[in-house]
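S.K.: Next comes the structure file run20.txt, holding compact mmCIF, C-alpha atoms.
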# COMPACT_ATOMS: atom_id res chain seq x y z
CA LEU C 1 4.11 16.20 -10.42
CA LEU C 2 6.58 13.39 -11.13
CA GLN C 3 9.28 15.05 -9.04
CA ASN C 4 6.92 15.43 -6.09
CA VAL C 5 5.75 11.82 -5.84
CA ARG C 6 9.20 10.21 -5.89
CA ILE C 7 10.78 9.04 -2.65
CA ASP C 8 13.29 11.83 -2.54
CA PRO C 9 14.10 14.20 0.37
CA SER C 10 13.44 17.18 -1.93
CA SER C 11 9.93 16.06 -2.98
CA ILE C 12 6.72 17.44 -1.45
CA SER C 13 5.46 13.97 -0.59
CA PHE C 14 8.68 12.80 1.15
CA ASN C 15 7.84 14.11 4.63
CA MET C 16 4.30 12.73 4.26
CA TRP C 17 5.86 9.35 3.45
CA LYS C 18 8.50 9.53 6.20
CA ASP C 19 6.26 10.62 9.11
CA ILE C 20 2.66 10.04 8.10
CA PRO C 21 0.81 13.24 9.12
CA VAL C 22 -2.62 11.73 8.67
CA PRO C 23 -4.40 11.04 11.99
CA PHE C 24 -4.87 7.27 12.03
CA TYR C 25 -7.17 5.51 14.47
CA MET C 26 -7.53 1.83 15.28
CA SER C 27 -10.98 0.83 16.53
CA VAL C 28 -11.21 -2.59 18.17
CA HIS C 29 -14.47 -4.50 18.69
CA PHE C 30 -14.45 -7.61 20.89
CA PHE C 31 -16.92 -10.50 20.74
CA GLU C 32 -18.03 -11.46 24.24
CA VAL C 33 -19.24 -15.06 24.70
CA LEU C 34 -22.53 -14.84 26.63
CA ASN C 35 -23.04 -18.59 27.21
CA PRO C 36 -19.62 -20.19 27.91
CA LYS C 37 -21.03 -22.99 30.12
CA GLU C 38 -23.55 -23.99 27.47
CA VAL C 39 -20.86 -23.93 24.75
CA LEU C 40 -18.90 -26.47 26.81
CA GLN C 41 -21.95 -28.72 26.61
CA GLY C 42 -22.16 -28.43 22.82
CA ALA C 43 -24.43 -25.38 22.43
CA LYS C 44 -24.03 -22.76 19.72
CA PRO C 45 -21.96 -19.76 20.95
CA VAL C 46 -23.96 -16.58 21.56
CA LEU C 47 -21.87 -13.47 20.93
CA ASN C 48 -22.23 -9.83 21.90
CA GLN C 49 -20.10 -7.17 20.22
CA ARG C 50 -18.34 -4.83 22.67
CA GLY C 51 -16.59 -1.54 21.94
CA PRO C 52 -15.24 0.11 19.97
CA TYR C 53 -12.06 0.67 21.97
CA VAL C 54 -10.31 3.41 20.00
CA TYR C 55 -6.57 4.07 19.78
CA ARG C 56 -4.75 6.97 18.16
CA GLU C 57 -2.08 5.49 15.93
CA PHE C 58 1.20 7.20 15.10
CA ARG C 59 3.43 5.85 12.33
CA TYR C 60 6.98 6.88 11.61
CA LYS C 61 9.96 5.50 9.69
CA THR C 62 13.50 4.94 10.91
CA ASN C 63 16.68 3.41 9.44
CA ILE C 64 15.92 5.07 6.09
CA THR C 65 18.74 3.98 3.78
CA PHE C 66 18.98 4.83 0.07
CA HIS C 67 20.68 2.30 -2.22
CA ASP C 68 22.38 2.62 -5.61
CA ASN C 69 19.78 0.47 -7.38
CA ASP C 70 16.93 3.03 -7.07
CA THR C 71 15.58 1.53 -3.82
CA VAL C 72 15.29 2.65 -0.20
CA SER C 73 15.01 0.52 2.94
CA PHE C 74 13.19 1.47 6.13
CA LEU C 75 11.55 0.24 9.31
CA GLU C 76 8.09 1.63 10.09
CA TYR C 77 6.99 1.75 13.71
CA ARG C 78 3.53 2.13 15.20
CA LYS C 79 2.59 3.59 18.57
CA LEU C 80 -0.94 3.34 19.93
CA PHE C 81 -2.57 5.50 22.59
CA PHE C 82 -6.00 4.76 24.06
CA GLN C 83 -8.66 7.43 23.42
CA PRO C 84 -11.31 7.24 26.19
CA ASP C 85 -13.41 10.06 24.71
CA LEU C 86 -13.79 8.19 21.39
CA SER C 87 -14.34 4.75 22.92
CA ASN C 88 -17.44 2.95 24.07
CA GLY C 89 -15.93 1.46 27.20
CA SER C 90 -12.60 1.37 29.04
CA GLU C 91 -9.57 -0.93 28.98
CA GLU C 92 -10.46 -1.99 32.54
CA GLU C 93 -13.73 -3.63 31.44
CA TYR C 94 -13.95 -7.42 31.74
CA ILE C 95 -14.93 -9.59 28.77
CA VAL C 96 -15.50 -13.36 28.56
CA VAL C 97 -13.56 -14.80 25.63
CA PRO C 98 -11.98 -18.17 24.82
CA ASN C 99 -8.83 -18.99 26.78
CA ILE C 100 -6.75 -18.40 23.68
CA LEU C 101 -3.55 -20.01 24.96
CA MET C 102 -5.30 -23.08 26.32
CA MET C 103 -7.70 -23.69 23.45
CA GLY C 104 -5.00 -22.98 20.88
CA ALA C 105 -2.58 -25.41 22.52
CA ALA C 106 -5.30 -28.07 22.80
CA VAL C 107 -6.08 -27.99 19.06
CA MET C 108 -2.37 -27.87 18.20
CA MET C 109 -1.77 -30.99 20.36
CA GLU C 110 -4.75 -32.94 19.05
CA ASN C 111 -2.64 -35.43 17.10
CA LEU C 112 0.04 -35.92 19.76
CA PRO C 113 0.16 -39.11 21.90
CA SER C 114 -2.57 -39.48 24.52
CA PHE C 115 -0.16 -39.35 27.46
CA VAL C 116 1.04 -35.88 26.34
CA LYS C 117 -2.55 -34.63 26.26
CA LEU C 118 -3.19 -36.17 29.66
CA LEU C 119 -0.15 -34.33 31.00
CA LEU C 120 -1.54 -31.07 29.66
CA SER C 121 -5.01 -31.79 31.01
CA GLY C 122 -3.56 -32.48 34.48
CA ALA C 123 -1.46 -29.32 34.32
CA LEU C 124 -4.50 -27.29 33.29
CA ALA C 125 -6.45 -28.66 36.26
CA GLY C 126 -3.61 -27.79 38.63
CA LEU C 127 -3.43 -24.25 37.23
CA LYS C 128 -7.25 -23.97 37.35
CA GLN C 129 -7.35 -23.18 33.62
CA GLU C 130 -10.71 -23.29 31.86
CA ALA C 131 -11.82 -23.10 28.24
CA PHE C 132 -13.11 -19.54 28.67
CA MET C 133 -11.55 -16.69 30.62
CA ASN C 134 -12.82 -13.41 32.03
CA ARG C 135 -10.13 -10.75 31.51
CA THR C 136 -9.93 -7.02 30.93
CA VAL C 137 -9.70 -5.47 27.47
CA GLY C 138 -6.23 -4.19 28.35
CA GLU C 139 -5.02 -7.65 29.38
CA ILE C 140 -6.35 -9.34 26.24
CA MET C 141 -4.77 -6.70 24.01
CA TRP C 142 -1.50 -5.80 25.71
CA GLY C 143 -0.72 -8.95 27.61
CA TYR C 144 -1.01 -10.73 30.95
CA GLU C 145 1.25 -13.06 32.91
CA ASP C 146 0.16 -16.68 32.59
CA PRO C 147 1.95 -19.68 34.15
CA LEU C 148 0.45 -21.77 31.36
CA ILE C 149 3.14 -20.44 28.99
CA ASP C 150 5.95 -22.08 30.98
CA THR C 151 3.88 -25.24 31.50
CA ILE C 152 3.23 -25.71 27.78
CA ASN C 153 6.88 -25.03 26.98
CA MET C 154 7.85 -27.68 29.51
CA ILE C 155 5.41 -30.35 28.23
CA VAL C 156 5.93 -29.67 24.49
CA PRO C 157 9.10 -27.59 24.00
CA GLY C 158 8.84 -25.23 21.04
CA LEU C 159 5.04 -25.46 20.69
CA ILE C 160 4.68 -21.76 21.57
CA PRO C 161 8.18 -20.26 21.19
CA PHE C 162 7.75 -17.19 23.36
CA LYS C 163 7.97 -16.23 27.02
CA GLY C 164 6.60 -13.55 29.29
CA LYS C 165 3.26 -11.88 28.73
CA PHE C 166 0.68 -13.11 26.26
CA GLY C 167 -1.61 -10.65 24.46
CA LEU C 168 -3.14 -10.39 21.01
CA PHE C 169 -1.57 -6.97 20.33
CA VAL C 170 1.46 -7.20 22.63
CA GLU C 171 3.89 -7.12 19.69
CA LEU C 172 2.07 -4.37 17.79
CA ASN C 173 2.73 -1.35 19.99
CA SER C 174 6.15 0.27 19.48
CA SER C 175 7.14 -2.49 17.05
CA ASN C 176 7.98 -2.44 13.35
CA SER C 177 6.38 -4.31 10.47
CA GLY C 178 9.65 -5.67 9.10
CA LEU C 179 12.39 -4.24 6.89
CA PHE C 180 10.81 -3.02 3.66
CA THR C 181 12.92 -2.17 0.62
CA VAL C 182 10.93 -0.28 -2.01
CA ASN C 183 11.61 1.52 -5.28
CA THR C 184 12.18 5.26 -5.08
CA GLY C 185 10.94 6.03 -8.59
CA MET C 186 14.02 8.19 -9.32
CA LYS C 187 14.80 6.26 -12.50
CA ASN C 188 11.41 4.68 -13.22
CA ILE C 189 8.39 6.52 -11.81
CA SER C 190 6.07 3.62 -12.67
CA ARG C 191 7.88 1.54 -10.01
CA VAL C 192 7.79 4.07 -7.17
CA HIS C 193 6.74 2.52 -3.81
CA MET C 194 6.73 -1.00 -5.30
CA VAL C 195 8.25 -3.51 -2.86
CA ASP C 196 11.64 -4.88 -3.87
CA SER C 197 11.99 -7.09 -0.77
CA TRP C 198 10.66 -7.58 2.76
CA ASN C 199 13.11 -8.66 5.46
CA GLY C 200 15.49 -9.42 2.61
CA LEU C 201 13.01 -11.81 0.97
CA LYS C 202 11.71 -11.60 -2.59
CA LYS C 203 8.95 -14.01 -1.61
CA VAL C 204 7.70 -15.53 1.66
CA ASN C 205 7.52 -19.24 2.48
CA TYR C 206 4.28 -19.42 4.48
CA TRP C 207 2.10 -20.85 1.71
CA ARG C 208 1.91 -23.87 -0.58
CA SER C 209 2.22 -22.19 -3.98
CA SER C 210 4.71 -19.81 -5.54
CA GLU C 211 1.88 -17.47 -6.53
CA CYS C 212 0.57 -17.16 -2.98
CA ASN C 213 4.09 -16.60 -1.61
CA MET C 214 4.82 -13.68 -3.97
CA ILE C 215 5.39 -10.21 -2.51
CA ASN C 216 3.42 -7.98 -4.86
CA GLY C 217 2.54 -4.30 -4.98
CA THR C 218 3.57 -1.61 -2.50
CA ALA C 219 3.88 -1.49 1.30
CA GLY C 220 0.29 -0.23 1.41
CA GLU C 221 0.99 3.48 1.94
CA MET C 222 1.22 4.98 -1.57
CA TRP C 223 1.08 3.73 -5.16
CA PRO C 224 2.66 4.78 -8.47
CA PRO C 225 1.03 7.84 -10.12
CA PHE C 226 -1.36 7.80 -13.09
CA MET C 227 -3.38 4.88 -11.73
CA SER C 228 -5.85 3.04 -13.94
CA PRO C 229 -9.33 2.08 -12.68
CA THR C 230 -8.54 -1.63 -12.40
CA SER C 231 -6.86 -2.85 -9.22
CA LEU C 232 -4.07 -2.18 -6.73
CA GLU C 233 -1.83 -4.51 -4.75
CA PHE C 234 0.06 -4.32 -1.46
CA TYR C 235 1.91 -6.67 0.86
CA SER C 236 0.48 -6.96 4.38
CA PRO C 237 2.82 -8.35 7.08
CA ASP C 238 -0.22 -8.66 9.38
CA ALA C 239 -1.93 -11.02 6.91
CA CYS C 240 1.40 -12.57 5.82
CA ARG C 241 0.44 -12.18 2.17
CA SER C 242 -0.09 -9.82 -0.73
CA MET C 243 -3.60 -8.52 -1.24
CA THR C 244 -5.35 -7.22 -4.34
CA LEU C 245 -8.16 -4.66 -4.13
CA VAL C 246 -10.38 -3.91 -7.12
CA TYR C 247 -11.78 -0.66 -8.49
CA GLU C 248 -15.35 0.06 -7.43
CA ARG C 249 -16.11 3.65 -8.50
CA SER C 250 -14.78 7.15 -9.06
CA GLY C 251 -15.67 10.05 -6.80
CA LYS C 252 -14.30 13.01 -4.85
CA PHE C 253 -12.97 13.47 -1.35
CA GLU C 254 -13.01 17.07 -0.13
CA GLY C 255 -12.89 18.21 -3.76
CA VAL C 256 -10.02 15.87 -4.69
CA PRO C 257 -10.76 13.22 -7.38
CA ILE C 258 -10.40 9.65 -6.09
CA TYR C 259 -10.72 6.05 -7.18
CA ARG C 260 -12.34 3.80 -4.59
CA PHE C 261 -10.84 0.31 -4.28
CA VAL C 262 -12.52 -2.50 -2.32
CA ALA C 263 -11.89 -6.16 -1.51
CA PRO C 264 -13.16 -8.63 -4.13
CA LYS C 265 -15.33 -11.50 -2.91
CA THR C 266 -12.47 -13.82 -3.83
CA LEU C 267 -9.99 -12.24 -1.35
CA PHE C 268 -10.57 -14.87 1.36
CA ALA C 269 -12.31 -17.47 -0.82
CA ASN C 270 -11.20 -21.08 -0.45
CA GLY C 271 -9.41 -23.07 -3.15
CA THR C 272 -12.63 -24.73 -4.31
CA ASP C 273 -14.45 -21.48 -5.01
CA TYR C 274 -11.32 -19.69 -6.30
CA PRO C 275 -8.52 -22.05 -7.45
CA PRO C 276 -5.67 -19.46 -7.22
CA ASN C 277 -6.24 -19.45 -3.43
CA GLU C 278 -5.54 -23.17 -3.15
CA GLY C 279 -2.02 -22.27 -2.06
CA PHE C 280 -3.42 -20.70 1.13
CA CYS C 281 -5.06 -23.97 2.16
CA PRO C 282 -5.79 -26.21 4.08
CA CYS C 283 -9.05 -24.33 3.75
CA MET C 284 -12.44 -24.46 5.38
CA GLN C 285 -15.46 -22.49 4.20
CA SER C 286 -15.01 -19.56 1.84
CA GLY C 287 -14.56 -16.20 3.52
CA ILE C 288 -11.87 -17.14 6.06
CA GLN C 289 -8.15 -17.59 5.55
CA ASN C 290 -6.05 -19.99 7.57
CA VAL C 291 -3.04 -18.03 8.89
CA SER C 292 -1.74 -20.75 11.22
CA THR C 293 1.46 -21.17 9.16
CA CYS C 294 2.55 -17.62 10.02
CA ARG C 295 1.06 -17.56 13.53
CA LEU C 296 3.10 -20.25 15.31
CA ASN C 297 0.74 -22.94 13.88
CA ALA C 298 -2.05 -21.73 16.15
CA PRO C 299 -5.56 -22.39 14.74
CA MET C 300 -6.14 -18.76 13.72
CA PHE C 301 -8.11 -17.39 10.77
CA ILE C 302 -8.64 -13.90 9.33
CA SER C 303 -11.77 -12.66 7.59
CA HIS C 304 -13.90 -9.62 7.01
CA PRO C 305 -15.79 -8.48 10.16
CA HIS C 306 -18.93 -10.47 11.02
CA PHE C 307 -17.92 -12.90 8.22
CA TYR C 308 -19.03 -10.36 5.61
CA ASN C 309 -18.74 -11.89 2.10
CA ALA C 310 -18.23 -15.33 3.65
CA ASP C 311 -20.09 -18.63 3.46
CA PRO C 312 -23.41 -18.21 5.37
CA ALA C 313 -22.56 -21.39 7.30
CA LEU C 314 -19.93 -19.42 9.25
CA VAL C 315 -22.47 -16.77 10.30
CA ASN C 316 -25.06 -19.41 11.19
CA ALA C 317 -22.62 -21.40 13.35
CA VAL C 318 -22.85 -18.67 16.03
CA LYS C 319 -25.47 -16.20 17.19
CA GLY C 320 -25.03 -12.44 17.23
CA LEU C 321 -23.37 -11.67 13.88
CA HIS C 322 -24.90 -9.21 11.41
CA PRO C 323 -22.68 -8.76 8.34
CA SER C 324 -23.17 -5.46 6.52
CA LYS C 325 -21.34 -3.79 3.64
CA ASP C 326 -21.70 -0.32 5.19
CA GLN C 327 -20.18 -1.38 8.52
CA HIS C 328 -17.83 -4.23 7.62
CA ALA C 329 -16.46 -3.74 4.10
CA LEU C 330 -12.99 -2.24 3.72
CA PHE C 331 -12.19 0.53 1.24
CA LEU C 332 -9.31 2.68 0.04
CA ASP C 333 -9.80 6.04 -1.70
CA VAL C 334 -6.73 6.98 -3.76
CA HIS C 335 -5.94 10.12 -5.77
CA PRO C 336 -5.26 8.45 -9.15
CA LEU C 337 -2.92 11.15 -10.48
CA THR C 338 -0.46 10.84 -7.58
CA GLY C 339 -1.24 7.40 -6.09
CA ILE C 340 -1.63 8.95 -2.62
CA PRO C 341 -4.49 7.62 -0.41
CA MET C 342 -6.93 10.29 0.72
CA ASN C 343 -9.29 8.25 2.89
CA CYS C 344 -9.27 4.63 4.01
CA SER C 345 -10.76 2.11 6.40
CA ILE C 346 -9.04 -1.27 6.44
CA LYS C 347 -11.02 -3.82 8.45
CA LEU C 348 -10.07 -7.35 9.48
CA GLN C 349 -11.45 -9.93 11.90
CA LEU C 350 -9.40 -12.37 13.96
CA ASN C 351 -10.99 -15.78 14.51
CA MET C 352 -10.04 -18.94 16.36
CA TYR C 353 -10.95 -22.53 15.58
CA ILE C 354 -12.11 -24.27 18.77
CA LYS C 355 -13.36 -27.81 19.34
CA GLN C 356 -13.48 -30.71 21.77
CA VAL C 357 -10.07 -32.40 21.92
CA SER C 358 -10.02 -35.99 23.09
CA GLY C 359 -7.94 -36.43 26.25
CA ILE C 360 -8.19 -32.79 27.34
CA ILE C 361 -11.22 -32.62 29.61
CA GLN C 362 -11.22 -28.81 29.77
CA THR C 363 -12.49 -28.67 26.16
CA GLY C 364 -15.73 -30.37 27.26
CA LYS C 365 -18.10 -31.11 24.38
CA ILE C 366 -17.36 -27.98 22.36
CA LYS C 367 -18.53 -28.44 18.80
CA PRO C 368 -16.04 -27.45 16.07
CA VAL C 369 -16.56 -23.79 15.23
CA VAL C 370 -14.59 -20.84 13.86
CA LEU C 371 -15.23 -18.36 16.67
CA PRO C 372 -14.75 -14.60 16.10
CA LEU C 373 -12.50 -13.04 18.76
CA LEU C 374 -12.41 -9.41 17.62
CA TRP C 375 -12.37 -7.18 14.59
CA PHE C 376 -10.54 -3.93 14.07
CA ALA C 377 -10.59 -1.02 11.65
CA GLU C 378 -7.56 1.12 10.86
CA SER C 379 -8.95 4.38 9.47
CA GLY C 380 -7.52 7.72 8.42
CA SER C 381 -8.05 10.60 6.02
CA ILE C 382 -6.04 13.59 4.87
CA GLU C 383 -7.38 16.77 6.46
CA GLY C 384 -6.49 20.27 7.65
CA SER C 385 -3.29 21.94 6.46
CA VAL C 386 -2.03 18.70 4.89
CA LEU C 387 -5.16 18.50 2.73
CA LYS C 388 -4.79 22.17 1.77
CA GLN C 389 -1.13 21.69 0.81
CA PHE C 390 -1.96 18.52 -1.10
CA TYR C 391 -4.81 20.17 -2.98
CA THR C 392 -2.73 23.23 -3.88
CA ASN C 393 0.49 21.50 -4.94
CA LEU C 394 -0.72 18.24 -6.39
CA VAL C 395 -4.21 19.05 -7.70
CA LEU C 396 -4.73 22.78 -8.26
CA ILE C 397 -1.31 23.69 -9.72
CA PRO C 398 -1.10 20.66 -12.07
CA SER C 399 -4.66 21.40 -13.26
CA LEU C 400 -3.75 25.06 -13.80
CA MET C 401 -0.63 24.07 -15.75
CA GLU C 402 -2.73 21.78 -17.90
CA TYR C 403 -5.19 24.58 -18.67
CA LEU C 404 -2.33 26.99 -19.43
CA GLN C 405 -0.88 24.42 -21.79
CA TYR C 406 -4.10 24.41 -23.82
CA ILE C 407 -4.31 28.23 -23.70
CA PHE C 408 -0.75 28.57 -25.02
CA LEU C 409 -1.49 25.94 -27.64
CA GLY C 410 -4.63 27.85 -28.66
CA LEU C 411 -2.70 31.11 -28.89
CA SER C 412 0.09 29.54 -30.89
CA VAL C 413 -2.19 28.28 -33.68
CA PRO C 414 -3.14 31.79 -35.02
CA LEU C 415 0.52 32.85 -34.77
CA ILE C 416 1.60 29.82 -36.81
CA ILE C 417 -1.10 30.51 -39.40
CA SER C 418 -0.13 34.20 -39.60
CA ALA C 419 3.53 33.31 -40.03
CA ALA C 420 2.65 30.89 -42.82
CA VAL C 421 0.55 33.55 -44.64
CA LEU C 422 3.34 36.16 -44.40
CA MET C 423 5.80 33.71 -45.86
Let me see the file written as structure tokens.
M.R.:
Amino acid sequence: LLQNVRIDPSSISFNMWKDIPVPFYMSVHFFEVLNPKEVLQGAKPVLNQRGPYVYREFRYKTNITFHDNDTVSFLEYRKLFFQPDLSNGSEEEYIVVPNILMMGAAVMMENLPSFVKLLLSGALAGLKQEAFMNRTVGEIMWGYEDPLIDTINMIVPGLIPFKGKFGLFVELNSSNSGLFTVNTGMKNISRVHMVDSWNGLKKVNYWRSSECNMINGTAGEMWPPFMSPTSLEFYSPDACRSMTLVYERSGKFEGVPIYRFVAPKTLFANGTDYPPNEGFCPCMQSGIQNVSTCRLNAPMFISHPHFYNADPALVNAVKGLHPSKDQHALFLDVHPLTGIPMNCSIKLQLNMYIKQVSGIIQTGKIKPVVLPLLWFAESGSIEGSVLKQFYTNLVLIPSLMEYLQYIFLGLSVPLIISAAVLM
């Protein structure tokens, strides 16, 4: 068992680690704003969930380099392919959402001199930019050309340090999640998969406390064997932080024993409700995390979908949200003996803080609100021949060896007694 869960080319789990054979899917749900004109006049946003738009996700590792200190470095890439037959809608459908570039820039420029905001407001009028836009799913996800990018860079150089297309997922497809260096477990199996560094860093510098900046746990793919029913940790480049999930219950997946781990209510709690999270502030209500420091200072927040487990004030600030544990809670089912996930559904929501900004007329009378943009679930489970191989090599054979051990022990006792009597 120990030999087969190490990161070693000769182990059974190595190919599963290198090129994940599990069929992963990313399901994206957008929140359409049904009353954009009224929102500009100060009304509460009315939202309608659209989708899911489902993508088959392939993950593979490159630049795999083993080091002398029992670690291995790698880049993991993701490729996404739209699945029309699994989706409720097409990428060509139009959806009304906030003008993310414009509204983000407006909030980011709120404290700049008035003449700078007037320049932006005039530029927005000339470009016919409005607070809400009607674009296709494909454009919002994978990018669209927008002259506003060059205009903002001209008015406030460095405010949004990128060029070309803008899209929420434009950097996700065919990109890597950073250079991970993890322990191989060759010398110490209890450290296998634990992150040694990410992009050469032992800790990040996004947050205001050393504890929040720590890179803890694994890269989120596998964990050390012989897990205890307590908690597990992983570092998420998407969330720019380490996350801790807690044990909920034991069970079985396709006959394989599992521990189910879920997000604690404190995961996105603010510093008032959960002091250790103070380092992630400036905070607003509990249930949302400010990720502006790792998202170009844009007013972006992450949360559970539909503000599940969040302050009710966030749900009540808009219409159309219906938080539910069954639909919106994330979970991870792990085989405790090997630390290999069997079934998972990791769900996150992306939100944007919008408001009226003095001097920028396009923001109208929008009341301050954390507005959900979309939520997505990355789901996958071991199945087919991979499940059969896993069950045989890492469940059935170890169990059989354990039973044989007790049988041999039972047989040896009478022999020992007989030998003692004869002596």
S.K.: Find, counting only C-alpha atoms, the residue in C:Leu373, C:Lys61, C:Met133, C:Arg56 that gets nearest to Met16 of chain C.
M.R.: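 For Met16 of chain C, the nearest of the given residues is C:Lys61.
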S.K.: Using all atoms listed in the file, find the one residue out of C:Ser197, C:Ser303, C:Thr392, C:Asn277 that sits nearest to Leu374 of chain C.
M.R.: C:Ser303
S.K.: Return the single residue from C:Gln49, C:Ser27, C:Ser210, C:Ser242 that is closest to Phe82 of chain C, with distances computed using only C-alpha atoms.
M.R.: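 Closest candidate: C:Ser27.
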S.K.: In the coordinate frame of the file, compute which residues have an atom within 10 Å of (-5.5, -29.8, 18.1) when using all atoms listed in the file, and state them as a list of chain:residue names.
M.R.: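 The distance filter leaves exactly C:Met103, C:Gly104, C:Ala105, C:Ala106, C:Val107, C:Met108, C:Met109, C:Glu110, C:Asn111, C:Leu112, C:Lys117, C:Ala298, C:Pro299, C:Tyr353, C:Ile354, C:Lys355, C:Gln356, C:Val357, C:Ser358.
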S.K.: Near Asn316 of chain C, counting only C-alpha atoms, which residues have an atom at most 10 Å away, once you skip same-chain residues fewer than 5 positions from it, shown as a list in words?
M.R.: Lys44, Asp311 and Leu321 of chain C
S.K.: Provide the atom CA of Ser73 of chain C to atom CA of Val182 of chain C distance in Å, to one decimal place.
M.R.: 6.5 Å
S.K.: Which value, in Å to one decimal, gives the distance between atom CA of Val204 of chain C and atom CA of Thr266 of chain C?
M.R.: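 If I compute the distance from atom CA of Val204 of chain C to atom CA of Thr266 of chain C, I get 21.0 Å.
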S.K.: Determine the nearest neighbour of Trp375 of chain C from the options C:Asp333, C:Val262, C:Val28, C:Thr244, counting all atoms listed in the file.
M.R.: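 Residue with the minimum atom-to-atom distance to Trp375 of chain C: C:Val28.
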S.K.: Name all residues at most 10 Å from Ser286 of chain C (count all atoms listed in the file; drop same-chain ones fewer than 3 positions away) and give them as JSON, numbers by chain.
M.R.: {"C": [265, 266, 267, 268, 269, 270, 271, 272, 273, 274, 283, 289, 303, 307, 309, 310, 311, 312, 313, 314]}
